[in-house]
Structure formats: C-alpha cells, structure tokens
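Novice: Right, I'll just put the structure down here and ask away after.
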Amino acid sequence: MSTPQPRPLPNGGQPVQREPQGNLIVTADRTVSTTCPYCGVGCNLQLHIKDELIYKVTSDFEHPVNQGNLCVKGRFGYDFIYSNKRVTTPLIRKQTQAAGARTQAFDRSEWREASWEEALEYTTDRLVEIYQRDGEHAMAVYCCAKATNEDNYLLQKIYRALFRTNNVDHCTRLCHAGSVTALLKSINSAAMSNTAAEVIDSDCFIITGSNPSENHPIIGLQMKAAVEKYGSKLIVIDPRKIEMCDFAALWLPLKPGTNVPVFNAMAHVIVNEGLVNREFVEARTTGYADYVKTLDKFTPGYAEEISGVDRNLIIEAARMYARAQRGMIFWGMGISQLSHGTASSLGLIHLAFLTGHVGRKATGLNPLRGQNNVQGASDMGAMPFFYPGYQWVDDETNAQNWEQLWNVEPGGLNRKRGLTTTEILTHAHPGGVRALHIMGENPMMSEPNLNETRKHMQQLEFIVAQDLFINESGAFADVFLPATSWAEKEGTVTNTDRRVQRVRQAIAPRGQSRPDWEILCDLAQRIEARLGRPNSAHWTYNSPAEIMAEFGKLDINYAGVTYERIERHGLQTPVPHNTHPGTPFLFAKDFPSGRGKFIPVDYVPIMEPPDEEYPFILTTGRVLEHWHGGSMTRNSALNEIYPAPVVEIHPVDAAWANFTDGQPVRVSSRRGSVILRTRVTEKARAGVIFMAMHFAEAAANLLTNDALDPQAKIPEYKACAVKIEPAAEQDLPHPDVTTERGRW
Amino acid sequence: MPATVTLEIDGQPITVPTGTTLLNAAALAGAMVPTICYHEHCTANALCRLCVVEVEGARVLAPACVATAAEGMRVHTRNERVERSRRTILELLHSATDISEAPEIQLQLDDYHANRERFGNCEQREPEIIDDNPMFIRDYSKCILCWRCVQVCAADAQFTYAINFSGRGFETSISTFFEQSLTESSCVFCGQCVGVCPTGALKPKREWLLEQGQAPADVLAATRGPGKKQRARK
C-alpha cells in the first residue's frame, strides 16, 4: 500500500489562521411571525429584525400553507417599506383641483405637508360637503385587497353607515368577478372549494387560465410535487407555454377567449362516451337534461376549428379528467377576465358537475385568488351587492340586522345595489360619482383602457388616497393619507383557501404613517360628528380584535374566528362557532344553493378579434418578480432582477415580422400604444403576444379592451387586437420617467 | 410485512412502525442522535455521516437518517466506535471549512471532544464570496456540502434544478451549470436554499451587509444598485 502524497499546503505549511468572514454575527432583536403581503397563497413569514431593519425572512417549516417554502417576493421583496419614495407625512395638494381639469402630481413640490388633524379635517369637509349637496350616489370607495379584514370592514362601514351608499367595491371586480358570478349562480358560494395542498391527493387536475408557478408560486410547488411525487396527472389548458406545461400530461394550447368551446367539447365527450357520474348528477344537480341538449354542436371538431386545439387532445383530456377518482380544477384570470368570463367559468363548473368531482377531499372548483386578502375583502362586504358575509344589500332582513348592529336608524341603510369598480369611474361626471376614496388601489394601472380611465379620474371633484406611495392614481388625489405597511400593523387576512391568518406588527410605523384602521376610525368620528347623526355607529375600537368581534356577530363564517384561535396556523372559514375546527373543503353534503345548477352557455367570440390592421392578440398577466401596478415591487430590489417591461412574442411571429430578441417595438391597439423591447420566446403562442401589467412606462392596460362581461362587469383584459411595429432605441421610455419621478 | 418491528436501542427494547428510520426510532427511545445534513423537510441523504450508529453484527456503522429499523436489531447510538467516528467527521469538517457560523456544529465539536487542531495544517476551501444578485450571497468557504440546497432547488421543493455538485473530491463545490451567475441560470431566487443552509454559506444579502458593519440605510441602498441588468429568461 503506497502512502498517499500529501496535498501541497498553502501558507508554506503553517497552520491557517481562521478569520471569521463577517465582522460581527447579527442576532435578531426580535423575530415576528406574520403573513406574506403578496399573493393569495398566504405564506407564513418570520421577520428577523435588527435596529428596525428587517434583514432576513424565514418561514415556519411546520406551517400548513407553505411548509417553510417561500418565493422571491415573500423572502426578499419586503424592502419597499423602507423606500425613500414612501410617503410618511399627510399631504395636501398645493393647487386646488377642479373637476374636469384634474392633473397628476408626482412631484413632491406639488404637495404640502399637513398634520393629521388638518388632513383629516380637510377630507371630512370635502366629503361631507359633496354628500350633503349631491347625496349618497355621489360617494364611492375602492376598498383594498391588500389591506386587512378589519381595515376593509371599517371602510365599507363608513361608506354604508355614514354616507349611505353601496358604491363600495375593490379589485376583485377586475380579477375574479366572472368566476364569482358563475359560482354564485350555480352553487351560491364563490370561494375555493378545497385547500390548495389537497392537490397531492388528487389523481388528475386541470390548470386553466392560470400560471401558478409565477403567480401562486407555493401552490405551484405543491402542484409540481403532486405530479412528480404523488403520480397525479396534470392537464394544462392555456394559450401560453407556462412552466407547468413541463409537468403536464396534456397541454391544450387554445387561442385566448375560446374557453367555452373547449370546455363544452370536453363535456360533449364526457356525455357521449358515457363517462357522466349519473349518481352525482341526479342527487346533487338540476337542469342536466336541458344542458345536455345544448352540447350537441360542441363536437371536438367544432372546438378544434375555433380554438386551434387538436380534437384528440380535447378528447383525451375529457377522458383523463372524467375517469379520475379525484379530479380538481384550478383556474385564474384567463377564465374570468373576458367579456364572457361568467360563461367560461360556468363551462368549468359543468365539468365538475358531470363527473362528480366536487364535494369530496381533493375534488373541487378552485378559482385561485390573486391578492393576499381578496378573499377577505370580499368576505368583509367590500362589494356593491353585499354586506359582510355575502348578505345581499337589497334584502330587507339583512339591512335591518346591520342597522341594528351599526346603530343606524331603521330604514337608514341604502337598499339599492351600488356601482362596481368599473362603473364607479364611468359614472364620474356631474350628477354621478363626485368623490372617490381610494385605499391602496391603483386604478390608473389596473383598469383597462387607461386613456379612458384617465379622463374619468379627471372628472372627479374630490379624491382621497390612502397608501404607501403616490402611485399613478394617488397622483390625482387632493389629499394623501400615509398608511403603514403590513409590517407595521396588526390584523387578519384571509387567503385563497379561506384560511384566516394573523398579520402582526414587526416594526414601528415609519414617520407619521398610521395603520389604516386607525386612520379610518379617526376619519369616521369626524364625519359622523359633522353629519350630526343622532346615533353613533361606534368607531372607538381599542384593537383590530374588537373589530373582528363586531363583524363576527353577523357574519356566520367568521363567528368562531378569534385572535386567540388563529394565533399560530389560522382557521379556514366557515367557522360558525368558537369550538368549530374550520372547514378544509366545502360542499360535502350539499351546495349553499341546495342543488348545483347547470346553466347552458354558448360560445361568444372575443369582442375584438385580430384583423389585417391589428393582426395579433394581446394577452396580459403577471410575472414572478412583480406585483400588479408595481407600487410595491418596483420600489424593491425585485426590480433589479426584472427591471423593464418586455413583450413576449413567438419565434414564428418574430421571424414573420422580422423582429429580433430585445429589439424596441411599438405595440398599439385601437386605444393606445406603448414602446418596449421584445422577448422572443416559445412561451408565447404563435399569433398571441404577452405583456405584464406592472410597468407604468409601458402600461399594458393602455392597450387592453374595456368591454365588460354583461353579468360580472369584468373587463376583457385577456384578449384584444394589437399591431407591432419596429421602434428606435431612443423611443424607449427612459426608466427615470417612472422610477425616479415623484413616487418618492 | 408486519406493521411493527421491535428492536433494542442502547439496551432498551422499543416497538416502532415498519419503515421507521433508526434516527426516529432512537428519538422515540429517548436517544438523541446528532445530525448535520439531515433536515426534516428534505429527503434524507446520509451524506455527512454524523448520525452513524452501530448495529450489532453489521460490518460498518449505519447512517441513522436512512437506515431503517428491523426486527431484533440491537443498536448502539453512542459507544466508543460511534464516538470516534463522529469526532473524526467533525474534525475533518472543521479542517476544511469555516463552520464558525454553525452553532449546532460548534456544540457538537465540544460534545465529542474534537481536537480543532488535529488537521490544523490542512488546506481549507477558501473560494471567493459570490455576490452576483441582489437577494443573497454565496460564501462557499462555509459550505459543508450537506446537499440540502441542491435538494430544495430540485425535487424537495422548487423543481428548478439551478444548482448541483460540481468538481470531485476536495474540489467539490455547489455550482450552477458552467458556473454561470445565478441571474443567468434557471434560478428563480425563491431562496429555499437559503432557508435550509445550516452554516451561513448562503445568506440574505442584507444580513451579510449588516455583518460587514453597514448601516441599515446603506444596506438597503446596496441592494438597489444602479446596475440594472436585463435578466436572461427562457
């Protein structure tokens, strides 16, 4: 045996002195457990804090939602709270804004700092003046799917109990209104039926109109595990070759807006091949006979002609889903954000009815909710049709119950349904909506056809913005109320699978910013005093927990939710009483409507099909690194890894139009145009280009179509006709135009 | 196959479900077996060998994180042979890597009376710190090659497969393909790897900058540099 030759030693054989790499080991002053502020998955975050700086985020490996896993936004994207562009002092516009000639003020010099007293008194003056002059229909409010349940409850309470209006809505209108309307019509419940993690127990699941690995990254992980580790089969029905296609058994690359023919053709196959779950259809549904008659024309061949999906793929997908023991459907904006969003969603609901894939564990209907608290804000009545708990505002008993709870005189609450998010702005004219209160939303990025939105915003007489940043909408405001971020306040949020979880204060409020619930309590007391109402609706809460106790009295779903009970892992609504363990999946016995209704749907093409002048279909969406209008992520280090907008175009189209990767192009629709770089990628489908909605310098929503679904009032973000022309380097918007300007 | 097996751990009989690892069986018997590469939420991979135990009649020591309990086994979780093996493993780790930020391993060094100078003359792995993105730094001089980061990047969590082992023997390191920067790789910056790193080799950039003595305001500015770089994506 030969002696191994020693490796030559560094340092001439002298022992190496170990210098610690860091100068000091950082130990946290404290660690705070809270819930992620980004998407609807609702991951647990552990914030590690040193000298008021959150320097690290980890997560609880035992947490039922995310098992210690996070995405880039949750783990690293919190630094917007420290941005020097954040506003932490109440501001009032220097120049009084006139309705019709309102301008955007991004520059700090156009605002003056005010005390809270002055800012709130000014807001009260203007709101009460408009209310007393024009009445309740002049008042409107955008609640906020990023704010807590308690914040949203209070804001809708102010506008309902004090200003007597139901013009209360939030961005749910712009994302899942189509799904909500369809689900309410067919089963009278709009939430996700399952816990997302149940996907590992399914043996087949459909993802359609959703890009979970970017937009619900942690649910995306569970889906990948379901395929790779638990043998579940995945069917992706989506125009884009999203990452989940790599894990799919079948990918049905349909043209945008052709969901109904594809879903109906799948139903056609299920019915014709005798794959219907008769027992379920007979016991749990109505309207089957009439529905089946409408399927005749939806042969796989017909669907292929319209959607471009090979008929054999449709047949195979139908068989795979119908023959599964436990099938789940997950869907996103690609289903709902169409002028026939309601019909699209109904098409999916029918598939679950036909196969009986609903009402058991790992079977169900799952519209993946976008925002961290869009489920909660909807539960809290931040919608024009409902009091908290989805209680119709035009139902006399409901109105009386809330009058009693809010100490409003009998008959005081408005029994008429209010305006939706999209309608609030289109009604912004003399005689219509005059005052708009915006908490945390950014319609100037999120509405379709932004050039039109701009005109509506200009028409308003008074705007109050309550936010962290002066975003594109807040720049139109008369008064700016600086709110705290999620890391500086207490409350609860409800995630996509209905889990109510705590948000906890980790650091002191920055500057003079205040938690939304405190701002709203303060404002409400001033408004109530000014209006001289005989009764007080009660606005003196000591903590958000007291606010929750109040709505729990009338909202049965939250009756058993208390801060003590959700201390660690939260509870899934409905939680009807204070020993109830929560509800992981819904509809075990029946639907809230009793039987599920088959509601036949026909194919309606998109409102603006491509033609010779505008040959491409534009579809819009989000990317992993950014969030919605960009107020948060574009003021974060996330912007460093995805700094600029691109338009994704398929190599075939790029070759046809002679575009290279990274080339500046002008993308135009009939409503607007933007200039940005191309990204030539097979992720796009030939004939369809993709843009993300986050970038103010090339806002996708300047191009999108504001045609609405007639029932849900949701705009057709997912398909409009556009053309692409070459542009010059110098035409590209300078990044400073939006990133350096006054969002400060 | 019977539902349970009965074995003896440190002389104490215990009955556990079939398929239970010796690590979990020992825990049930009240014997704490030390681990380094093992993480409850990753697939056990038996790389570090610190969890070895002696099974009577077996030729070599068995890694408790993957070895399963069998009927009639007689297991010793801390006899002289086991101690000597663990001590050598710890001394070797200490000789090649900077484990100053792994307090659990430091405790084990003390617990096993490891001689920190036993291999004092040996070469250390001292690659440069890789600072190629605004989210986290990679200081592979602290890397003990436990493989957790590779596992969570792959099928234990993220299914992204951005990193893996590269090189052989002493030159082994964790790397992207062709040593690309993370921004050029398939990395999605989820940071699952940072979440499971036991030694501080992977560290959020803000934490690392604080350690360098930077003030909080500078830390935030440093992760928002002007160096805007278009990220390569598939």
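Scheme for the structure tokens: letters A, B, ... for chains in order shown; per-chain residue numbers from 1; ligand numbers from 1 in order shown.
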Excluding region 237-239 of chain A and any residue of its chain fewer than 4 positions from it, enumerate the residues within 7 Å of it, using only C-alpha atoms, and give them as a PyMOL selection string.

Specialist: chain A and resi 207-209+251-256+685

Novice: Please, which residues of chain B lie no more than 6 Å from chain A when the count uses only C-alpha atoms, and can they be set out as a VMD selection string?

Specialist: chain B and resid 120 to 121 123 158 189 to 190 192 206 to 207 211 to 212 223 to 224 228 231

Novice: Using Å and a single decimal, report how far CA of Ala162 (chain B) sits from CA of Val150 (chain B).

Specialist: 8.1 Å

Novice: Can you tell me how far CA of Val262 (chain A) sits from CA of Gly687 (chain A), in Å to one decimal?

Specialist: 18.6 Å
